[in-house]
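What follows is one structure encoded as structure tokens, with my remarks underneath.
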Protein chains: 2
Amino acid sequence: MAEALSERISKGTLKPGERLPTEAELCEEFEVSRTVVREAVARLGSEGLLVSHQGRGMFVSERQPTRKFELDADNLSTLPETISVLELRLGVEVEAAALCATRRTAADASKIRDLMEKLDSLSADPKNVDVHYDFSFHLEIARATNNEHIFRFLSFLKPFIVPRFQLSQLVSSEYKDKYYQRIHCEHEEIVVAIEQQDPERARTAMRSHLLNALERLRALSNAAGLSDTTNIDASMLESFFKP
Amino acid sequence: MAEALSERISKGTLKPGERLPTEAELCEEFEVSRTVVREAVARLGSEGLLVSHQGRGMFVSERQPTRKFELDADNLSTLPETISVLELRLGVEVEAAALCATRRTAADASKIRDLMEKLDSLSADPKNVDVHYDFSFHLEIARATNNEHIFRFLSFLKPFIVPRFQLSQLVSSEYKDKYYQRIHCEHEEIVVAIEQQDPERARTAMRSHLLNALERLRALSNAAGLSDTTNIDASMLESFFKP
DNA sequence: TTGACTAATTTGTATGACATCATATGCATA
DNA sequence: TATGCATATGATGTCATACAAATTAGTCAA
């Protein structure tokens with residue numbers, strides 16, 4: 001029922017702005033009660049396919065509902081999928097860093113540096129979860145691009161990246177220090193480039209920062225032939241975090 | 001009503017997998033009829049927030065519904081918005097070109113060249129709409145990255161870019177030739193880089209290709225102070241297409 | 001303890017009535 | 001004729017009740 005109506009709309013039998021048959025007519029046509037018709041209409045309405053006005057009738061939405069981009073969280077437990085999302089993220093963030101360097105205000109720059117230093121101080125304590133703060137650092141850069149779409153897209157990507165990326169948690173504290181130290185250097189380079197408003201340098205810095213993470217994952221994926229991040233144990237990881 | 005329930009779910013008062021109050025209880029609580037409750041539930045159900053089983057009850061969905069990234073097509077008539085989307089696109093496509101150069105198969109490469117040549121032959125005829133073919137060229141590169149998310153994201157972006165970008169339509173045929181010639185050179189450079197499997201070169205080529213479009217739009221926006229693409233006329237544009 | 005049958009609970013569907021809003025109709029008046 | 005108002009009509013929104021269908025809990029007997 002709902003499917004049949006939905007199909008008519010998407011196939012263009014019912015055109016945008018056009019009025020639908022009345023509930024009574026739909027009842028006759030599909031030989032169901034008004035209850036069912038209204039449930040179906042409610043579904044389509046909540047999907048934005050049609051709107052109904054009391055007293056006037058039901059109409060196909062003028063502008064087709066905003067198409068959406070979605071990622072299925074289920075598939076993302078596999079390592080290749082995680083890599084894929086990271087590749088997508090990388091493109092956006094590299095450009096974001098460059099735009100940020102160009103457009104940042106003084107306040108933006110200092111806030112970004114503050115976030116980095118906050119992150120540094122937190123990573124000193126080994127039991128802190130760092131990744132959220134790491135991502136907030138990246139998000140702040142995105143915000144400073146003054147491009148709302150870039151910021152929103154990265155915010156959208158966040159839950160698909162953050163919870164998968166606890167790799168550092170698995171590494172022993174010996175290598176962890178080295179790891180954090182390297183992260184810090186990479187962040188520092190990004191921050192300096194932004195402070196100096198050097199887009200090309202920011203681009204390069206952000207690229208190598210994310211590429212490092214990406215390459216570690218790719219190497220991990222190739223070497224171990226793993227398909228699921230849940231199977232990774234610490235011993236496998238450590239070799240990749242060695243200096 | 002629907003909002004209240006939705007809020008409870010998203011705020012975690014009702015946890016994934018948990019059972020909701022029965023319809024009768026919700027009727028009492030909100031002091032509405034069962035009809036209203038069922039309409040609200042239908043909305044939430046179609047959004048994937050909950051599922052209901054006849055005879056068992058209604059339950060909050062185990063996995064919260066996939067978060068979605070959406071662009072509002074309404075805002076995109078303004079030039080700054082168009083630029084914003086193009087900036088987002090640029091980051092993804094530059095990375096896509098590099099990945100494509102690395103991973104392309106022989107079949108991918110020849111298909112991409114074919115598309116370019118098809119586009120060239122079409123642009124010889126001034127009344128052809130070129131932009132769809134232009135975008136299909138870009139999409140084919142994205143497909144060859146073998147990264148489904150990148151391909152899907154660019155496909156998602158397509159309708160927000162294609163219809164806004166009929167700039168070439170407004171330019172007189174004199175400059176149009178020059179314009180197409182330049183486009184061709186840029187495309188050629190991308191294709192060669194992909195054929196030679198040179199990711200760095202592909203990155204550079206794609207960047208300058210998109211940057212040209214972007215810079216033209218930015219200049220246009222700054223110079224004319226226009227906020228709406230519908231107000232652009234040919235005379236304004238031509239100066240930006242001059243060689 | 002196991003098995004089947006029964007009863008109770010819950011959602012799905014049907015039906016009829018009324019409320020509410022928008023539009024069309026008709027009539028009276030300027 | 002044209003305008004304005006009251007009314008009628010038709011549409012969706014809400015309510016109440018009854019029954020159908022499916023699941024679960026409980027009872028009772030072998």
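Residues in the structure tokens are named by chain (A, B, ... in the order shown) and by number from 1 within that chain; ligands are numbered from 1 in the order shown.
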**Study point:** Neighbour list for Arg203 of chain B as an MDAnalysis selection string, cut-off 10 Å, only C-alpha atoms (C1' of nucleotides), skip fewer than 2 positions in-chain
**Key:** chainID B and resid 93:101 190 193:194 198:201 205:209
Once you have the residues from the selection above, write them out as a PDB file, in the first residue's frame, restricted to N, CA and C atoms.
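Generated output (result-v6.pdb):
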ATOM      1  N   GLU B  93      37.313  14.722  -4.498  1.00  0.00           N
ATOM      2  CA  GLU B  93      37.696  14.327  -5.853  1.00  0.00           C
ATOM      3  C   GLU B  93      39.192  14.303  -6.048  1.00  0.00           C
ATOM      4  N   VAL B  94      39.881  15.211  -5.392  1.00  0.00           N
ATOM      5  CA  VAL B  94      41.338  15.216  -5.514  1.00  0.00           C
ATOM      6  C   VAL B  94      41.902  13.903  -4.979  1.00  0.00           C
ATOM      7  N   GLU B  95      41.396  13.503  -3.840  1.00  0.00           N
ATOM      8  CA  GLU B  95      41.838  12.236  -3.276  1.00  0.00           C
ATOM      9  C   GLU B  95      41.397  11.070  -4.159  1.00  0.00           C
ATOM     10  N   ALA B  96      40.199  11.195  -4.709  1.00  0.00           N
ATOM     11  CA  ALA B  96      39.693  10.128  -5.581  1.00  0.00           C
ATOM     12  C   ALA B  96      40.599   9.950  -6.791  1.00  0.00           C
ATOM     13  N   ALA B  97      41.031  11.043  -7.351  1.00  0.00           N
ATOM     14  CA  ALA B  97      41.899  10.955  -8.534  1.00  0.00           C
ATOM     15  C   ALA B  97      43.186  10.218  -8.193  1.00  0.00           C
ATOM     16  N   ALA B  98      43.736  10.522  -7.031  1.00  0.00           N
ATOM     17  CA  ALA B  98      44.977   9.859  -6.633  1.00  0.00           C
ATOM     18  C   ALA B  98      44.751   8.367  -6.412  1.00  0.00           C
ATOM     19  N   LEU B  99      43.679   8.036  -5.709  1.00  0.00           N
ATOM     20  CA  LEU B  99      43.387   6.629  -5.461  1.00  0.00           C
ATOM     21  C   LEU B  99      43.119   5.894  -6.767  1.00  0.00           C
ATOM     22  N   CYS B 100      42.425   6.580  -7.642  1.00  0.00           N
ATOM     23  CA  CYS B 100      42.117   5.991  -8.942  1.00  0.00           C
ATOM     24  C   CYS B 100      43.393   5.673  -9.704  1.00  0.00           C
ATOM     25  N   ALA B 101      44.318   6.614  -9.705  1.00  0.00           N
ATOM     26  CA  ALA B 101      45.583   6.404 -10.411  1.00  0.00           C
ATOM     27  C   ALA B 101      46.309   5.187  -9.856  1.00  0.00           C
ATOM     28  N   ILE B 190      44.415  14.867 -16.496  1.00  0.00           N
ATOM     29  CA  ILE B 190      43.947  13.911 -15.488  1.00  0.00           C
ATOM     30  C   ILE B 190      44.023  12.487 -16.033  1.00  0.00           C
ATOM     31  N   ALA B 193      47.531  11.134 -16.267  1.00  0.00           N
ATOM     32  CA  ALA B 193      48.063  10.793 -14.947  1.00  0.00           C
ATOM     33  C   ALA B 193      47.504   9.456 -14.469  1.00  0.00           C
ATOM     34  N   ILE B 194      46.220   9.244 -14.733  1.00  0.00           N
ATOM     35  CA  ILE B 194      45.604   7.975 -14.328  1.00  0.00           C
ATOM     36  C   ILE B 194      46.183   6.831 -15.134  1.00  0.00           C
ATOM     37  N   ASP B 198      50.057   7.605 -11.891  1.00  0.00           N
ATOM     38  CA  ASP B 198      50.850   8.575 -11.136  1.00  0.00           C
ATOM     39  C   ASP B 198      49.913   9.346 -10.197  1.00  0.00           C
ATOM     40  N   PRO B 199      49.787   8.889  -8.970  1.00  0.00           N
ATOM     41  CA  PRO B 199      48.791   9.506  -8.074  1.00  0.00           C
ATOM     42  C   PRO B 199      49.068  10.982  -7.796  1.00  0.00           C
ATOM     43  N   GLU B 200      50.308  11.338  -7.673  1.00  0.00           N
ATOM     44  CA  GLU B 200      50.616  12.730  -7.337  1.00  0.00           C
ATOM     45  C   GLU B 200      50.206  13.660  -8.480  1.00  0.00           C
ATOM     46  N   ARG B 201      50.506  13.204  -9.664  1.00  0.00           N
ATOM     47  CA  ARG B 201      50.135  13.989 -10.832  1.00  0.00           C
ATOM     48  C   ARG B 201      48.620  14.066 -10.986  1.00  0.00           C
ATOM     49  N   ALA B 205      46.455  17.432 -11.066  1.00  0.00           N
ATOM     50  CA  ALA B 205      45.617  17.732 -12.229  1.00  0.00           C
ATOM     51  C   ALA B 205      44.168  17.946 -11.824  1.00  0.00           C
ATOM     52  N   MET B 206      43.685  17.056 -10.988  1.00  0.00           N
ATOM     53  CA  MET B 206      42.290  17.191 -10.560  1.00  0.00           C
ATOM     54  C   MET B 206      42.095  18.462  -9.751  1.00  0.00           C
ATOM     55  N   ARG B 207      43.076  18.745  -8.925  1.00  0.00           N
ATOM     56  CA  ARG B 207      42.960  19.957  -8.122  1.00  0.00           C
ATOM     57  C   ARG B 207      42.857  21.190  -9.006  1.00  0.00           C
ATOM     58  N   SER B 208      43.744  21.294  -9.981  1.00  0.00           N
ATOM     59  CA  SER B 208      43.726  22.525 -10.779  1.00  0.00           C
ATOM     60  C   SER B 208      42.472  22.575 -11.640  1.00  0.00           C
ATOM     61  N   HIS B 209      41.999  21.402 -12.048  1.00  0.00           N
ATOM     62  CA  HIS B 209      40.764  21.371 -12.836  1.00  0.00           C
ATOM     63  C   HIS B 209      39.589  21.945 -12.032  1.00  0.00           C
TER      64      HIS B 209
END
Check your understanding: What residues in chain A lie within 6 Å of chain D, counting only C-alpha atoms (C1' of nucleotides), written as a PyMOL selection string?
Key -> chain A and resi 54-57
Filtering to C-alpha atoms, could you give me those residues as a JSON list (two decimals), in the first residue's frame?
[["chain", "number", "residue", "atom", "x", "y", "z"],
["A", 54, "GLN", "CA", -6.57, 19.55, 6.80],
["A", 55, "GLY", "CA", -9.57, 20.41, 4.72],
["A", 56, "ARG", "CA", -7.64, 20.66, 1.47],
["A", 57, "GLY", "CA", -6.22, 17.27, 0.72]]
Point to revise | Neighbours of chain A in chain C at 10 Å, counting only C-alpha atoms (C1' of nucleotides), as a ChimeraX atom specification | key: /C:12-15,20-23
Selection above as a file: all heavy atoms, as a short mmCIF file (atom, residue, chain, number, x, y, z; two decimals), in the first residue's frame:
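part.cif written:
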data_model
loop_
_atom_site.label_atom_id
_atom_site.label_comp_id
_atom_site.auth_asym_id
_atom_site.auth_seq_id
_atom_site.Cartn_x
_atom_site.Cartn_y
_atom_site.Cartn_z
P DG C 12 1.57 -3.24 15.01
OP1 DG C 12 2.71 -3.53 14.12
OP2 DG C 12 1.27 -1.84 15.40
"O5'" DG C 12 0.27 -3.88 14.37
"C5'" DG C 12 0.42 -5.03 13.53
"C4'" DG C 12 -0.88 -5.31 12.79
"O4'" DG C 12 -1.94 -5.53 13.75
"C3'" DG C 12 -1.36 -4.18 11.87
"O3'" DG C 12 -1.75 -4.71 10.61
"C2'" DG C 12 -2.53 -3.57 12.63
"C1'" DG C 12 -3.08 -4.77 13.40
N9 DG C 12 -3.78 -4.40 14.62
C8 DG C 12 -3.27 -3.70 15.69
N7 DG C 12 -4.14 -3.53 16.65
C5 DG C 12 -5.30 -4.15 16.19
C6 DG C 12 -6.57 -4.28 16.80
O6 DG C 12 -6.95 -3.85 17.90
N1 DG C 12 -7.44 -4.99 15.98
C2 DG C 12 -7.15 -5.50 14.75
N2 DG C 12 -8.11 -6.15 14.12
N3 DG C 12 -5.95 -5.39 14.17
C4 DG C 12 -5.08 -4.70 14.94
P DT C 13 -2.18 -3.74 9.44
OP1 DT C 13 -1.81 -4.39 8.17
OP2 DT C 13 -1.74 -2.36 9.74
"O5'" DT C 13 -3.76 -3.78 9.56
"C5'" DT C 13 -4.43 -5.02 9.41
"C4'" DT C 13 -5.92 -4.83 9.61
"O4'" DT C 13 -6.19 -4.48 10.98
"C3'" DT C 13 -6.56 -3.72 8.75
"O3'" DT C 13 -7.49 -4.32 7.88
"C2'" DT C 13 -7.22 -2.78 9.77
"C1'" DT C 13 -7.34 -3.65 11.01
N1 DT C 13 -7.35 -2.94 12.30
C2 DT C 13 -8.47 -3.01 13.09
O2 DT C 13 -9.47 -3.63 12.79
N3 DT C 13 -8.38 -2.31 14.27
C4 DT C 13 -7.30 -1.57 14.73
O4 DT C 13 -7.34 -0.98 15.81
C5 DT C 13 -6.17 -1.53 13.84
C7 DT C 13 -4.95 -0.76 14.24
C6 DT C 13 -6.24 -2.21 12.69
P DA C 14 -8.27 -3.41 6.84
OP1 DA C 14 -8.56 -4.23 5.66
OP2 DA C 14 -7.57 -2.12 6.70
"O5'" DA C 14 -9.63 -3.16 7.61
"C5'" DA C 14 -10.35 -4.28 8.12
"C4'" DA C 14 -11.60 -3.81 8.85
"O4'" DA C 14 -11.23 -3.28 10.14
"C3'" DA C 14 -12.39 -2.71 8.12
"O3'" DA C 14 -13.72 -3.15 7.89
"C2'" DA C 14 -12.34 -1.51 9.07
"C1'" DA C 14 -12.06 -2.16 10.42
N9 DA C 14 -11.32 -1.30 11.35
C8 DA C 14 -10.06 -0.79 11.18
N7 DA C 14 -9.65 -0.05 12.18
C5 DA C 14 -10.72 -0.07 13.07
C6 DA C 14 -10.92 0.53 14.32
N6 DA C 14 -10.00 1.30 14.93
N1 DA C 14 -12.10 0.31 14.95
C2 DA C 14 -13.02 -0.45 14.35
N3 DA C 14 -12.94 -1.07 13.17
C4 DA C 14 -11.75 -0.84 12.57
P DT C 15 -14.63 -2.35 6.90
OP1 DT C 15 -15.53 -3.34 6.27
OP2 DT C 15 -13.80 -1.48 6.05
"O5'" DT C 15 -15.50 -1.42 7.86
"C5'" DT C 15 -16.10 -2.00 9.03
"C4'" DT C 15 -16.62 -0.93 9.95
"O4'" DT C 15 -15.54 -0.39 10.75
"C3'" DT C 15 -17.28 0.29 9.27
"O3'" DT C 15 -18.67 0.27 9.56
"C2'" DT C 15 -16.56 1.50 9.85
"C1'" DT C 15 -15.92 0.93 11.11
N1 DT C 15 -14.69 1.64 11.58
C2 DT C 15 -14.66 2.14 12.86
O2 DT C 15 -15.58 2.04 13.64
N3 DT C 15 -13.49 2.78 13.19
C4 DT C 15 -12.38 2.95 12.37
O4 DT C 15 -11.39 3.53 12.77
C5 DT C 15 -12.49 2.41 11.04
C7 DT C 15 -11.36 2.55 10.08
C6 DT C 15 -13.63 1.78 10.70
P DT C 20 -13.39 21.37 17.28
OP1 DT C 20 -12.50 21.70 18.41
OP2 DT C 20 -14.70 22.02 17.12
"O5'" DT C 20 -12.56 21.54 15.94
"C5'" DT C 20 -11.36 20.79 15.75
"C4'" DT C 20 -10.77 21.10 14.39
"O4'" DT C 20 -11.47 20.34 13.37
"C3'" DT C 20 -10.86 22.57 13.96
"O3'" DT C 20 -9.60 22.97 13.46
"C2'" DT C 20 -11.93 22.57 12.88
"C1'" DT C 20 -11.72 21.19 12.27
N1 DT C 20 -12.89 20.63 11.54
C2 DT C 20 -12.68 20.02 10.33
O2 DT C 20 -11.59 19.91 9.83
N3 DT C 20 -13.81 19.53 9.73
C4 DT C 20 -15.12 19.61 10.21
O4 DT C 20 -16.06 19.14 9.58
C5 DT C 20 -15.26 20.27 11.48
C7 DT C 20 -16.62 20.41 12.08
C6 DT C 20 -14.15 20.75 12.07
P DC C 21 -9.26 24.54 13.42
OP1 DC C 21 -7.97 24.74 14.10
OP2 DC C 21 -10.47 25.30 13.85
"O5'" DC C 21 -9.03 24.79 11.86
"C5'" DC C 21 -8.08 23.99 11.16
"C4'" DC C 21 -8.50 23.84 9.71
"O4'" DC C 21 -9.77 23.17 9.64
"C3'" DC C 21 -8.68 25.15 8.94
"O3'" DC C 21 -7.61 25.28 8.01
"C2'" DC C 21 -10.03 25.02 8.25
"C1'" DC C 21 -10.34 23.52 8.41
N1 DC C 21 -11.80 23.20 8.45
C2 DC C 21 -12.36 22.44 7.42
O2 DC C 21 -11.66 22.05 6.48
N3 DC C 21 -13.69 22.14 7.46
C4 DC C 21 -14.44 22.57 8.49
N4 DC C 21 -15.73 22.25 8.49
C5 DC C 21 -13.87 23.35 9.56
C6 DC C 21 -12.56 23.64 9.50
P DA C 22 -7.49 26.60 7.12
OP1 DA C 22 -6.05 26.83 6.85
OP2 DA C 22 -8.31 27.66 7.73
"O5'" DA C 22 -8.17 26.14 5.76
"C5'" DA C 22 -7.68 24.99 5.10
"C4'" DA C 22 -8.43 24.75 3.81
"O4'" DA C 22 -9.77 24.26 4.11
"C3'" DA C 22 -8.62 26.00 2.94
"O3'" DA C 22 -8.28 25.68 1.61
"C2'" DA C 22 -10.09 26.35 3.09
"C1'" DA C 22 -10.73 25.00 3.39
N9 DA C 22 -11.92 25.08 4.25
C8 DA C 22 -12.04 25.74 5.43
N7 DA C 22 -13.22 25.63 5.99
C5 DA C 22 -13.93 24.82 5.11
C6 DA C 22 -15.25 24.33 5.12
N6 DA C 22 -16.12 24.58 6.11
N1 DA C 22 -15.64 23.55 4.09
C2 DA C 22 -14.76 23.31 3.11
N3 DA C 22 -13.50 23.72 2.98
C4 DA C 22 -13.14 24.48 4.03
P DT C 23 -8.26 26.82 0.49
OP1 DT C 23 -7.10 26.56 -0.40
OP2 DT C 23 -8.43 28.13 1.15
"O5'" DT C 23 -9.58 26.51 -0.34
"C5'" DT C 23 -9.80 25.19 -0.80
"C4'" DT C 23 -11.25 24.99 -1.19
"O4'" DT C 23 -12.10 25.14 -0.04
"C3'" DT C 23 -11.78 25.99 -2.23
"O3'" DT C 23 -12.23 25.26 -3.36
"C2'" DT C 23 -12.94 26.70 -1.52
"C1'" DT C 23 -13.33 25.68 -0.47
N1 DT C 23 -14.03 26.23 0.72
C2 DT C 23 -15.34 25.85 0.96
O2 DT C 23 -15.97 25.11 0.24
N3 DT C 23 -15.89 26.42 2.09
C4 DT C 23 -15.28 27.28 2.98
O4 DT C 23 -15.87 27.71 3.96
C5 DT C 23 -13.92 27.63 2.67
C7 DT C 23 -13.16 28.55 3.57
C6 DT C 23 -13.36 27.09 1.57
#
Review point. Residues of chain A within 9 Å of chain B, using only C-alpha atoms, as number ranges by chain?
Key: A: 35, 38-40, 42-47, 63, 66-74, 81, 84-85, 87-96, 99, 147-150, 152-153, 156-157
Export, as a compact mmCIF listing (two decimals), in the first residue's frame, the selected residues with N, CA and C atoms.
# COMPACT_ATOMS: atom_id res chain seq x y z
N THR A 35 -8.02 3.39 8.08
CA THR A 35 -6.91 3.26 9.01
C THR A 35 -5.61 2.95 8.26
N ARG A 38 -4.37 5.77 6.16
CA ARG A 38 -3.75 6.83 6.95
C ARG A 38 -2.38 6.43 7.48
N GLU A 39 -2.23 5.17 7.81
CA GLU A 39 -0.91 4.71 8.26
C GLU A 39 0.10 4.85 7.12
N ALA A 40 -0.33 4.42 5.94
CA ALA A 40 0.57 4.50 4.79
C ALA A 40 0.93 5.95 4.51
N ALA A 42 0.91 8.36 6.60
CA ALA A 42 1.78 8.87 7.67
C ALA A 42 3.23 8.51 7.39
N ARG A 43 3.44 7.28 6.93
CA ARG A 43 4.80 6.85 6.60
C ARG A 43 5.40 7.76 5.54
N LEU A 44 4.66 7.90 4.45
CA LEU A 44 5.17 8.70 3.34
C LEU A 44 5.36 10.15 3.77
N GLY A 45 4.45 10.60 4.62
CA GLY A 45 4.58 11.97 5.09
C GLY A 45 5.85 12.17 5.90
N SER A 46 6.15 11.20 6.75
CA SER A 46 7.34 11.34 7.59
C SER A 46 8.60 11.23 6.75
N GLU A 47 8.50 10.62 5.59
CA GLU A 47 9.66 10.56 4.70
C GLU A 47 9.73 11.79 3.81
N ARG A 63 9.27 19.89 -3.68
CA ARG A 63 10.64 19.47 -3.97
C ARG A 63 10.80 18.07 -3.43
N THR A 66 14.92 15.78 0.34
CA THR A 66 16.37 15.91 0.28
C THR A 66 16.99 14.53 0.29
N ARG A 67 17.76 14.26 -0.73
CA ARG A 67 18.44 12.97 -0.76
C ARG A 67 19.47 12.93 0.35
N LYS A 68 19.67 11.77 0.86
CA LYS A 68 20.54 11.64 2.02
C LYS A 68 21.71 10.73 1.71
N PHE A 69 22.82 11.04 2.33
CA PHE A 69 23.98 10.16 2.25
C PHE A 69 24.11 9.44 3.57
N GLU A 70 24.09 8.13 3.54
CA GLU A 70 24.19 7.41 4.80
C GLU A 70 25.22 6.30 4.72
N LEU A 71 25.82 6.06 5.86
CA LEU A 71 26.76 4.96 5.99
C LEU A 71 26.13 3.92 6.90
N ASP A 72 26.27 2.69 6.53
CA ASP A 72 25.70 1.63 7.36
C ASP A 72 26.71 1.26 8.43
N ALA A 73 26.32 1.51 9.66
CA ALA A 73 27.26 1.29 10.77
C ALA A 73 27.60 -0.19 10.93
N ASP A 74 26.76 -1.05 10.41
CA ASP A 74 27.01 -2.48 10.60
C ASP A 74 28.26 -2.95 9.87
N GLU A 81 36.52 -1.65 5.48
CA GLU A 81 35.51 -0.59 5.51
C GLU A 81 36.01 0.61 6.29
N SER A 84 38.21 2.49 4.11
CA SER A 84 37.47 3.24 3.09
C SER A 84 36.95 4.56 3.63
N VAL A 85 36.37 4.51 4.81
CA VAL A 85 35.82 5.74 5.38
C VAL A 85 36.95 6.73 5.67
N GLU A 87 39.68 7.03 4.06
CA GLU A 87 40.11 7.62 2.80
C GLU A 87 39.21 8.78 2.40
N LEU A 88 37.92 8.56 2.59
CA LEU A 88 36.97 9.63 2.29
C LEU A 88 37.22 10.83 3.20
N ARG A 89 37.40 10.53 4.46
CA ARG A 89 37.66 11.60 5.42
C ARG A 89 38.92 12.36 5.06
N LEU A 90 39.94 11.64 4.65
CA LEU A 90 41.22 12.26 4.36
C LEU A 90 41.09 13.36 3.31
N GLY A 91 40.39 13.05 2.24
CA GLY A 91 40.23 14.05 1.20
C GLY A 91 39.62 15.33 1.74
N VAL A 92 38.57 15.17 2.51
CA VAL A 92 37.87 16.34 3.03
C VAL A 92 38.75 17.12 4.01
N GLU A 93 39.44 16.40 4.85
CA GLU A 93 40.20 17.09 5.90
C GLU A 93 41.42 17.81 5.35
N VAL A 94 42.03 17.24 4.35
CA VAL A 94 43.19 17.91 3.75
C VAL A 94 42.76 19.26 3.18
N GLU A 95 41.65 19.23 2.47
CA GLU A 95 41.15 20.48 1.93
C GLU A 95 40.71 21.42 3.05
N ALA A 96 40.13 20.85 4.08
CA ALA A 96 39.68 21.67 5.20
C ALA A 96 40.86 22.39 5.85
N LEU A 99 41.81 25.34 3.67
CA LEU A 99 40.83 26.42 3.77
C LEU A 99 40.93 27.10 5.13
N ASN A 147 33.12 26.86 6.25
CA ASN A 147 32.30 26.15 5.28
C ASN A 147 31.44 25.15 6.04
N GLU A 148 30.18 25.49 6.14
CA GLU A 148 29.30 24.71 6.99
C GLU A 148 29.18 23.26 6.53
N HIS A 149 29.20 23.05 5.23
CA HIS A 149 29.05 21.69 4.73
C HIS A 149 30.22 20.81 5.12
N ILE A 150 31.39 21.37 5.02
CA ILE A 150 32.57 20.60 5.41
C ILE A 150 32.50 20.24 6.88
N ARG A 152 29.83 20.05 8.80
CA ARG A 152 28.76 19.11 9.07
C ARG A 152 29.10 17.72 8.57
N PHE A 153 29.78 17.66 7.46
CA PHE A 153 30.11 16.34 6.94
C PHE A 153 31.10 15.62 7.85
N PHE A 156 29.35 14.44 10.81
CA PHE A 156 28.61 13.24 10.44
C PHE A 156 29.51 12.01 10.46
N LEU A 157 30.73 12.17 10.01
CA LEU A 157 31.66 11.05 9.93
C LEU A 157 32.18 10.62 11.29
Check your understanding: Between atom CA of His138 of chain A and atom CA of Glu188 of chain A, what is the spacing in Å?
Key ->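 Spanning atom CA of Glu188 of chain A to atom CA of His138 of chain A is a straight-line distance of 12.6 Å.
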Review point. Between atom CA of Asp134 of chain A and atom CA of Tyr180 of chain A, what is the spacing in Å?
Key: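 So the two atoms, atom CA of Tyr180 of chain A and atom CA of Asp134 of chain A, lie 11.1 Å apart.
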Point to revise | Point-to-point distance from atom CA of Ile141 of chain A to atom CA of Lys111 of chain A, Å rounded to tenths | key: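 Interatomic distance, atom CA of Ile141 of chain A to atom CA of Lys111 of chain A: 9.4 Å.
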Point to revise | Close residues, His184 of chain B itself excluded, 9 Å, only C-alpha atoms (C1' of nucleotides), min 4 positions apart in chain, as a list in words | key: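 What passes the distance filter is Met116, Glu117, Leu119, Asp120, Tyr179, Tyr180, Glu188 and Glu189 of chain B.
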Review point. Neighbours of segment 12-27 of chain B within 6 Å (only C-alpha atoms (C1' of nucleotides); same-chain residues fewer than 4 positions away dropped), as a ChimeraX atom specification?
Key: /B:8,31-34,58-62
Review point. Where in segment 4-96 of chain B does DSSP assign helix (DSSP H, G or I), given as an NGL selection string?
Key: :B and (4-11 or 23-30 or 34-46 or 73-77 or 79-96)
